[in-house]
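Coordinates as given in structure.csv (CSV, C-alpha atoms):
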```csv
chain,number,residue,atom,x,y,z
R,185,MET,CA,-55.7,103.5,91.6
R,186,THR,CA,-52.6,105.6,90.9
R,187,ARG,CA,-51.8,105.9,94.6
R,188,LEU,CA,-52.1,102.1,94.9
R,189,ASP,CA,-50.0,101.7,91.7
R,190,ASP,CA,-47.2,103.8,93.2
R,191,GLN,CA,-47.4,101.9,96.5
R,192,LEU,CA,-47.2,98.6,94.6
R,193,GLN,CA,-44.2,99.9,92.7
R,194,ARG,CA,-42.5,100.9,95.9
R,195,LEU,CA,-43.2,97.5,97.4
R,196,PHE,CA,-41.6,95.8,94.4
R,197,VAL,CA,-38.5,97.9,94.8
R,198,ALA,CA,-38.4,97.1,98.5
R,199,TYR,CA,-38.9,93.4,97.8
R,200,ARG,CA,-35.9,93.6,95.3
R,201,ARG,CA,-33.8,95.0,98.1
R,202,ALA,CA,-35.2,92.6,100.7
R,203,CYS,CA,-34.2,89.6,98.6
R,204,PRO,CA,-30.5,90.1,97.9
R,205,ASP,CA,-28.4,87.9,95.6
R,206,VAL,CA,-27.8,84.5,97.2
R,207,GLU,CA,-24.2,83.4,97.8
R,208,PRO,CA,-23.9,79.7,96.7
R,209,SER,CA,-22.7,77.4,99.4
R,210,ALA,CA,-19.3,75.6,99.1
R,211,THR,CA,-21.1,72.3,98.2
R,212,PHE,CA,-23.0,73.8,95.3
R,213,MET,CA,-20.7,72.5,92.5
R,214,PRO,CA,-20.0,69.1,94.0
R,215,ASP,CA,-23.8,68.6,94.7
R,216,LEU,CA,-24.5,69.7,91.1
R,217,TRP,CA,-22.1,67.2,89.6
R,218,GLU,CA,-23.4,64.5,91.9
R,219,ARG,CA,-26.9,65.2,90.5
R,220,ILE,CA,-25.6,65.2,86.9
R,221,GLU,CA,-23.8,61.9,87.4
R,222,SER,CA,-26.8,60.3,89.1
R,223,ARG,CA,-29.1,61.4,86.3
R,224,ARG,CA,-26.6,60.0,83.7
R,225,ARG,CA,-26.4,56.7,85.6
R,226,PHE,CA,-30.2,56.4,85.6
R,227,ALA,CA,-30.3,57.2,81.9
R,228,LEU,CA,-27.7,54.6,81.1
R,229,GLU,CA,-29.5,52.0,83.2
R,230,PHE,CA,-32.8,52.8,81.5
R,231,ARG,CA,-31.2,52.6,78.1
R,232,ARG,CA,-29.7,49.2,79.0
R,233,TRP,CA,-33.1,47.9,80.1
R,234,ALA,CA,-34.8,49.3,77.0
R,235,ARG,CA,-32.2,47.7,74.8
R,236,GLY,CA,-32.7,44.3,76.6
R,237,LEU,CA,-36.5,44.6,76.2
R,238,ILE,CA,-36.2,45.4,72.5
R,239,THR,CA,-33.9,42.4,71.9
R,240,ALA,CA,-36.3,40.1,73.8
R,241,ALA,CA,-39.3,41.5,71.8
R,242,ALA,CA,-37.4,41.0,68.5
R,243,ALA,CA,-36.6,37.4,69.5
R,244,ALA,CA,-40.2,36.7,70.5
R,245,CYS,CA,-41.3,38.1,67.1
R,246,LEU,CA,-38.9,35.8,65.3
R,247,VAL,CA,-40.1,32.7,67.2
R,248,LEU,CA,-43.8,33.6,66.5
R,249,ALA,CA,-43.0,34.3,62.8
R,250,SER,CA,-41.3,30.9,62.5
R,251,PHE,CA,-44.4,29.2,63.9
R,252,VAL,CA,-46.7,31.0,61.5
R,253,TYR,CA,-44.6,30.5,58.3
R,254,THR,CA,-43.5,26.9,58.9
R,255,PRO,CA,-45.0,24.9,55.9
R,256,ALA,CA,-48.0,22.7,56.9
R,257,SER,CA,-47.8,18.9,56.4
R,258,SER,CA,-48.8,17.7,52.9
R,259,GLU,CA,-52.0,15.9,54.0
R,260,PRO,CA,-54.4,18.3,55.4
R,261,THR,CA,-55.9,17.0,58.7
R,262,PHE,CA,-59.2,18.7,58.0
R,263,TYR,CA,-61.9,17.8,55.4
R,264,SER,CA,-61.3,19.9,52.3
R,265,ALA,CA,-63.9,18.6,49.8
R,266,THR,CA,-67.0,20.7,48.9
R,267,TYR,CA,-70.5,19.7,49.8
R,268,LEU,CA,-71.4,18.4,46.3
R,269,GLU,CA,-68.2,16.3,46.0
R,270,THR,CA,-69.0,14.7,49.4
R,271,LEU,CA,-72.6,14.1,48.3
R,272,GLN,CA,-71.5,12.5,45.0
R,273,GLU,CA,-68.9,10.3,46.8
R,274,ASP,CA,-71.6,9.3,49.2
R,275,GLN,CA,-74.1,8.3,46.4
R,276,SER,CA,-71.4,6.2,44.6
R,277,ALA,CA,-70.8,4.5,48.0
R,278,ILE,CA,-74.5,3.6,48.3
R,279,VAL,CA,-74.5,2.3,44.7
R,280,ASP,CA,-71.5,0.1,45.4
R,281,TYR,CA,-73.2,-1.2,48.6
R,282,ASN,CA,-76.4,-2.0,46.8
R,283,ALA,CA,-74.5,-3.8,44.1
R,284,ALA,CA,-72.7,-5.8,46.7
R,285,VAL,CA,-75.8,-6.8,48.6
R,286,GLY,CA,-77.9,-7.2,45.4
R,287,ALA,CA,-80.6,-4.8,46.6
R,288,GLU,CA,-82.1,-1.8,44.9
R,289,VAL,CA,-83.7,-0.4,48.0
R,290,PHE,CA,-81.2,2.4,48.4
R,291,ALA,CA,-80.7,3.1,44.7
R,292,PRO,CA,-80.9,6.8,44.0
R,293,GLN,CA,-84.2,7.8,42.4
R,294,GLU,CA,-84.1,9.3,39.0
R,295,PRO,CA,-85.9,12.6,39.0
R,296,ARG,CA,-89.1,12.4,37.0
V,1140,MET,CA,-23.1,89.4,80.6
V,1141,GLN,CA,-22.4,87.9,77.2
V,1142,ILE,CA,-20.8,84.5,77.4
V,1143,ASP,CA,-18.1,83.4,75.0
V,1144,PHE,CA,-19.6,80.9,72.5
V,1145,ASP,CA,-16.3,79.1,72.5
V,1146,LEU,CA,-16.9,78.2,76.1
V,1147,ILE,CA,-20.3,76.9,75.3
V,1148,ARG,CA,-18.9,74.8,72.4
V,1149,ARG,CA,-16.3,73.3,74.7
V,1150,ALA,CA,-19.0,72.5,77.3
V,1151,GLN,CA,-21.1,71.0,74.5
V,1152,ALA,CA,-18.1,68.8,73.6
V,1153,GLY,CA,-18.1,67.5,77.2
V,1154,ASP,CA,-15.4,69.7,78.7
V,1155,HIS,CA,-16.3,69.8,82.4
V,1156,ALA,CA,-14.1,72.8,83.1
V,1157,ALA,CA,-15.9,74.8,80.5
V,1158,PHE,CA,-19.3,73.9,82.0
V,1159,ASN,CA,-18.0,74.8,85.5
V,1160,ALA,CA,-16.9,78.2,84.2
V,1161,ILE,CA,-20.4,78.8,82.7
V,1162,VAL,CA,-22.1,77.8,86.0
V,1163,GLN,CA,-19.7,80.0,88.0
V,1164,ALA,CA,-20.4,82.9,85.8
V,1165,TYR,CA,-24.1,82.7,86.2
V,1166,ARG,CA,-24.9,80.9,89.4
V,1167,LYS,CA,-25.1,84.0,91.7
V,1168,ARG,CA,-27.4,85.8,89.4
V,1169,ILE,CA,-29.6,82.8,88.8
V,1170,LEU,CA,-29.8,82.0,92.5
V,1171,GLY,CA,-30.8,85.6,93.2
V,1172,THR,CA,-33.5,85.4,90.6
V,1173,ILE,CA,-34.8,82.1,91.9
V,1174,SER,CA,-34.8,83.5,95.5
V,1175,ARG,CA,-37.1,86.3,94.3
V,1176,LEU,CA,-39.2,84.0,92.2
V,1177,ILE,CA,-39.9,81.3,94.8
V,1178,GLY,CA,-39.5,83.3,98.0
V,1179,ARG,CA,-38.0,80.4,100.0
V,1180,PRO,CA,-34.3,80.8,100.7
V,1181,GLU,CA,-33.8,77.3,102.0
V,1182,ASP,CA,-34.8,75.8,98.6
V,1183,VAL,CA,-33.0,78.2,96.3
V,1184,GLU,CA,-29.9,76.1,95.9
V,1185,ASP,CA,-31.9,73.0,95.1
V,1186,VAL,CA,-33.9,74.8,92.4
V,1187,GLY,CA,-30.6,76.4,91.1
V,1188,GLN,CA,-29.0,73.0,90.8
V,1189,GLU,CA,-32.0,71.8,88.9
V,1190,VAL,CA,-31.6,74.8,86.5
V,1191,PHE,CA,-27.9,74.0,85.8
V,1192,LEU,CA,-28.7,70.3,85.5
V,1193,ARG,CA,-31.3,71.0,82.8
V,1194,LEU,CA,-28.7,73.3,81.2
V,1195,TYR,CA,-26.2,70.5,81.1
V,1196,TYR,CA,-28.5,68.1,79.4
V,1197,SER,CA,-29.9,70.6,76.9
V,1198,LEU,CA,-26.7,72.4,76.1
V,1199,ASP,CA,-26.2,70.6,72.8
V,1200,GLN,CA,-29.4,72.2,71.5
V,1201,LEU,CA,-28.0,75.7,71.8
V,1202,ARG,CA,-26.9,77.1,68.4
V,1203,ALA,CA,-26.0,80.8,69.1
V,1204,ALA,CA,-24.4,82.7,72.0
V,1205,GLU,CA,-26.9,85.5,71.9
V,1206,VAL,CA,-29.8,83.3,72.9
V,1207,PHE,CA,-27.9,81.7,75.8
V,1208,GLU,CA,-29.2,84.2,78.5
V,1209,PRO,CA,-32.9,84.2,77.5
V,1210,TRP,CA,-32.6,80.4,77.3
V,1211,LEU,CA,-31.0,80.1,80.7
V,1212,TYR,CA,-33.8,82.4,82.1
V,1213,ARG,CA,-36.4,80.2,80.5
V,1214,LEU,CA,-34.9,77.2,82.2
V,1215,THR,CA,-34.9,79.2,85.5
V,1216,VAL,CA,-38.5,80.2,85.1
V,1217,ASN,CA,-39.6,76.6,84.2
V,1218,ALA,CA,-37.7,75.2,87.2
V,1219,ALA,CA,-39.2,77.8,89.5
V,1220,TYR,CA,-42.6,77.1,88.1
V,1221,ASP,CA,-42.2,73.4,88.6
V,1222,TYR,CA,-41.1,74.0,92.2
V,1223,LEU,CA,-44.1,76.3,92.9
V,1224,ARG,CA,-46.5,73.8,91.4
V,1225,LYS,CA,-45.0,71.0,93.5
V,1226,GLN,CA,-45.3,73.1,96.6
V,1227,ARG,CA,-48.9,73.9,95.9
V,1228,ARG,CA,-49.6,70.1,95.5
V,1229,ARG,CA,-47.8,69.3,98.7
V,1230,GLY,CA,-49.7,72.1,100.5
V,1231,GLU,CA,-46.8,72.8,102.7
V,1232,ALA,CA,-46.9,75.6,105.2
V,1233,ARG,CA,-44.7,78.5,104.0
V,1234,MET,CA,-43.2,81.1,106.1
V,1235,ALA,CA,-45.4,83.6,104.2
V,1236,ASP,CA,-48.4,81.7,105.4
V,1237,LEU,CA,-47.4,82.2,109.0
V,1238,SER,CA,-48.2,85.3,111.0
V,1239,GLU,CA,-45.3,87.7,111.9
V,1240,GLN,CA,-45.5,86.5,115.5
V,1241,GLN,CA,-45.1,82.9,114.4
V,1242,VAL,CA,-42.2,83.8,112.2
V,1243,MET,CA,-40.6,85.6,115.2
V,1244,MET,CA,-41.2,82.6,117.4
V,1245,ALA,CA,-39.7,80.2,114.8
V,1246,ASP,CA,-36.7,82.5,114.6
V,1247,ALA,CA,-36.4,82.6,118.4
V,1248,ALA,CA,-36.7,78.9,118.6
V,1249,ALA,CA,-33.9,78.6,116.0
V,1250,GLY,CA,-31.8,80.7,118.3
V,1251,THR,CA,-31.2,83.4,115.7
V,1252,ARG,CA,-31.0,87.1,116.7
V,1253,ILE,CA,-32.4,89.1,113.8
V,1254,SER,CA,-31.8,92.8,113.5
V,1255,ASP,CA,-34.5,95.3,113.0
V,1256,GLN,CA,-33.4,95.8,109.4
V,1257,GLU,CA,-33.7,92.1,108.8
V,1258,ARG,CA,-37.1,92.0,110.5
V,1259,GLU,CA,-38.2,94.8,108.2
V,1260,ARG,CA,-36.9,92.9,105.2
V,1261,ALA,CA,-38.7,89.8,106.3
V,1262,LYS,CA,-41.9,91.8,106.7
V,1263,VAL,CA,-41.6,93.2,103.1
V,1264,ARG,CA,-40.9,89.7,101.7
V,1265,GLU,CA,-43.9,88.3,103.5
V,1266,HIS,CA,-46.1,91.2,102.4
V,1267,VAL,CA,-45.1,91.0,98.7
V,1268,GLN,CA,-45.3,87.2,98.6
V,1269,THR,CA,-48.8,87.3,100.1
V,1270,LEU,CA,-49.8,89.8,97.5
V,1271,LEU,CA,-48.3,87.8,94.7
V,1272,SER,CA,-50.1,84.7,95.9
V,1273,SER,CA,-53.3,86.3,94.7
V,1274,VAL,CA,-52.3,85.5,91.1
V,1275,SER,CA,-51.5,82.2,89.4
V,1276,GLU,CA,-47.9,80.9,89.5
V,1277,GLU,CA,-47.3,81.8,85.8
V,1278,ASP,CA,-48.4,85.4,86.4
V,1279,ARG,CA,-46.5,85.6,89.6
V,1280,LEU,CA,-43.3,84.6,87.9
V,1281,LEU,CA,-44.0,87.0,84.9
V,1282,LEU,CA,-44.7,89.9,87.2
V,1283,THR,CA,-41.6,89.2,89.3
V,1284,LEU,CA,-39.4,89.0,86.3
V,1285,LYS,CA,-40.8,92.3,85.0
V,1286,GLU,CA,-41.2,94.4,88.2
V,1287,VAL,CA,-38.6,92.9,90.5
V,1288,GLU,CA,-35.9,91.6,88.2
V,1289,GLY,CA,-36.4,94.5,85.9
V,1290,LEU,CA,-36.4,92.6,82.6
V,1291,SER,CA,-37.6,94.4,79.6
V,1292,LEU,CA,-40.6,93.3,77.5
V,1293,LYS,CA,-38.1,92.4,74.7
V,1294,GLU,CA,-36.2,90.1,77.0
V,1295,LEU,CA,-39.4,88.6,78.3
V,1296,GLU,CA,-40.5,88.0,74.7
V,1297,LYS,CA,-37.4,86.0,74.1
V,1298,ILE,CA,-37.8,84.0,77.3
V,1299,TYR,CA,-41.5,83.2,76.9
V,1300,ARG,CA,-41.5,83.1,73.1
V,1301,VAL,CA,-44.7,85.1,73.2
V,1302,LYS,CA,-45.6,88.3,71.3
V,1303,GLU,CA,-45.0,91.5,73.2
V,1304,ASN,CA,-48.7,92.5,73.1
V,1305,ALA,CA,-49.8,89.3,74.6
V,1306,LEU,CA,-47.2,89.8,77.4
V,1307,LYS,CA,-48.5,93.3,78.0
V,1308,VAL,CA,-52.0,92.0,78.4
V,1309,ARG,CA,-51.0,89.3,80.8
V,1310,LEU,CA,-48.9,91.7,82.8
V,1311,PHE,CA,-51.7,94.2,83.0
V,1312,ARG,CA,-54.2,91.7,84.2
V,1313,ALA,CA,-51.8,90.2,86.7
V,1314,ARG,CA,-51.0,93.7,88.0
V,1315,GLN,CA,-54.6,94.5,88.3
V,1316,ARG,CA,-55.2,91.4,90.4
V,1317,VAL,CA,-52.3,92.3,92.7
V,1318,LEU,CA,-53.6,95.8,93.0
V,1319,LYS,CA,-57.0,94.5,94.0
V,1320,ALA,CA,-55.5,92.3,96.6
V,1321,LEU,CA,-53.5,95.3,97.9
V,1322,ALA,CA,-56.7,97.4,98.1
V,1323,ARG,CA,-58.5,94.6,99.9
V,1324,GLU,CA,-55.7,94.3,102.4
V,1325,GLN,CA,-55.7,98.1,103.1
V,1326,GLU,CA,-59.4,98.1,103.5
V,1327,ALA,CA,-59.2,95.3,106.1
V,1328,GLN,CA,-56.4,97.1,107.9
V,1329,GLN,CA,-58.5,100.3,107.9
V,1330,LYS,CA,-61.5,98.4,109.3
V,1331,ALA,CA,-59.3,96.8,112.0
V,1332,LEU,CA,-57.9,100.2,112.9
V,1333,THR,CA,-61.4,101.7,113.2
V,1334,ARG,CA,-62.5,98.8,115.4
V,1335,ASP,CA,-59.4,99.4,117.6
V,1336,GLU,CA,-60.2,103.1,117.9
V,1337,GLU,CA,-63.8,102.4,118.8
V,1338,GLY,CA,-62.7,99.9,121.4
V,1339,ALA,CA,-60.3,102.4,122.9
V,1340,CYS,CA,-63.0,105.1,123.0
V,1341,LYS,CA,-65.3,102.7,124.8
V,1342,SER,CA,-62.7,102.0,127.4
V,1343,PHE,CA,-62.5,105.7,128.2
V,1344,THR,CA,-66.2,106.1,128.6
V,1345,ASP,CA,-68.5,104.5,131.2
V,1346,GLU,CA,-71.7,102.7,130.6
V,1347,SER,CA,-73.7,105.9,130.4
V,1348,GLY,CA,-71.4,107.3,127.7
V,1349,GLU,CA,-69.8,109.8,130.0
V,1350,LEU,CA,-66.1,110.3,130.0
V,1351,ARG,CA,-64.4,108.8,133.0
```
Step by step, read the file and then write its structure as structure tokens.
Amino acid sequence: MTRLDDQLQRLFVAYRRACPDVEPSATFMPDLWERIESRRRFALEFRRWARGLITAAAAACLVLASFVYTPASSEPTFYSATYLETLQEDQSAIVDYNAAVGAEVFAPQEPR
Amino acid sequence: MQIDFDLIRRAQAGDHAAFNAIVQAYRKRILGTISRLIGRPEDVEDVGQEVFLRLYYSLDQLRAAEVFEPWLYRLTVNAAYDYLRKQRRRGEARMADLSEQQVMMADAAAGTRISDQERERAKVREHVQTLLSSVSEEDRLLLTLKEVEGLSLKELEKIYRVKENALKVRLFRARQRVLKALAREQEAQQKALTRDEEGACKSFTDESGELR
């Protein structure tokens, strides 16, 4: 393995020599600044869109919140009485009816 | 090369001239390192620009001048690693994947006249890159930084933010893998040589085994 080790080491040294330092081209700096500017433009554009989206989302939240928290009308549109109250109301209606027609047919039975 | 922290401060404050000065001070060295890390001269500038682009956008995170170089090297290693990973995904044919004859034909087609010395260099590059392709991209970069760039373990520790012992283990394993690839290659060459010799011997003997 030592022979191979030495050989590999020599190969690495030769590789170092075979890949000399690269001279940058004349357009290196202008191209670099072009890339920097293009990334900055993209970031600005993205930020603008993100800000717009956040504003739109906040507005939508406000609209929804105003719908949810608007006070409901004073008279509830749905039936709010309990079952017993309804039953009692119903029985008194039957008694009133019987009295009106002079019959005792539908009078509620007293429990024995 | 220790860079003046005042220059970094000015670049952090948005001084373009200061940033240009930093790039000009390091670009040759960084491009050389990238060329040895990725092994594709035509893409070196592109990766180099990516390194300095990342430097530009992360410069404000730098707090001390001493860590500038390891930090720049870390950006270089990351950019080279991203490049190699992208290349692997694309599955592009590399010059190192081509045979020597194909490379010569490509050169001839491009109308370039390469000297013997340049041919020898190309051969060495191709050979080492083939050997290094036997390890992962991470290990390839680490091995190149240590063995080719000549960075010390202390410097690598700062670049990778990994303990020296862990680096030693990784380097040892990577080196063993490359050595195995080298041994396999030599074995194959030996076999090919033996076959050629046998073929040559047969051509000198007739069917009955007598020398012609």
Minimum-distance residue to Leu1170 (chain V), chosen among V:Ile1147, V:Leu1223, V:Leu1321, V:Ala1218 (using all atoms listed in the file) = V:Ala1218
Write out as a PyMOL selection string the residues lying within 9 Å of Ala1261 (chain V), counting only C-alpha atoms and excluding same-chain residues fewer than 3 positions away.
-> (chain R and resi 202-203) or (chain V and resi 1239+1256-1258+1264-1266)
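Residues with any atom within 10 Å of Gln193 (chain R), counting all atoms listed in the file and excluding same-chain neighbours fewer than 5 positions away, are Arg187, Leu188, Ala198 and Tyr199 of chain R; Glu1286 and Val1287 of chain V.
For the pair CA of Arg1149 (chain V) and CA of Val1162 (chain V), the interatomic distance is 13.5 Å.
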Please determine the contact residues of chain V with respect to chain R at a cut-off of 8 Å, counting only C-alpha atoms, and supply them as a tab-separated table (two decimals) with C-alpha atoms, keeping the file's coordinate frame.
```
chain	number	residue	atom	x	y	z
V	1159	ASN	CA	-18.00	74.80	85.50
V	1166	ARG	CA	-24.90	80.90	89.40
V	1167	LYS	CA	-25.10	84.00	91.70
V	1168	ARG	CA	-27.40	85.80	89.40
V	1170	LEU	CA	-29.80	82.00	92.50
V	1171	GLY	CA	-30.80	85.60	93.20
V	1172	THR	CA	-33.50	85.40	90.60
V	1174	SER	CA	-34.80	83.50	95.50
V	1175	ARG	CA	-37.10	86.30	94.30
V	1184	GLU	CA	-29.90	76.10	95.90
V	1188	GLN	CA	-29.00	73.00	90.80
V	1191	PHE	CA	-27.90	74.00	85.80
V	1192	LEU	CA	-28.70	70.30	85.50
V	1195	TYR	CA	-26.20	70.50	81.10
V	1260	ARG	CA	-36.90	92.90	105.20
V	1261	ALA	CA	-38.70	89.80	106.30
V	1263	VAL	CA	-41.60	93.20	103.10
V	1264	ARG	CA	-40.90	89.70	101.70
V	1267	VAL	CA	-45.10	91.00	98.70
V	1286	GLU	CA	-41.20	94.40	88.20
V	1287	VAL	CA	-38.60	92.90	90.50
V	1288	GLU	CA	-35.90	91.60	88.20
V	1318	LEU	CA	-53.60	95.80	93.00
V	1321	LEU	CA	-53.50	95.30	97.90
V	1322	ALA	CA	-56.70	97.40	98.10
```
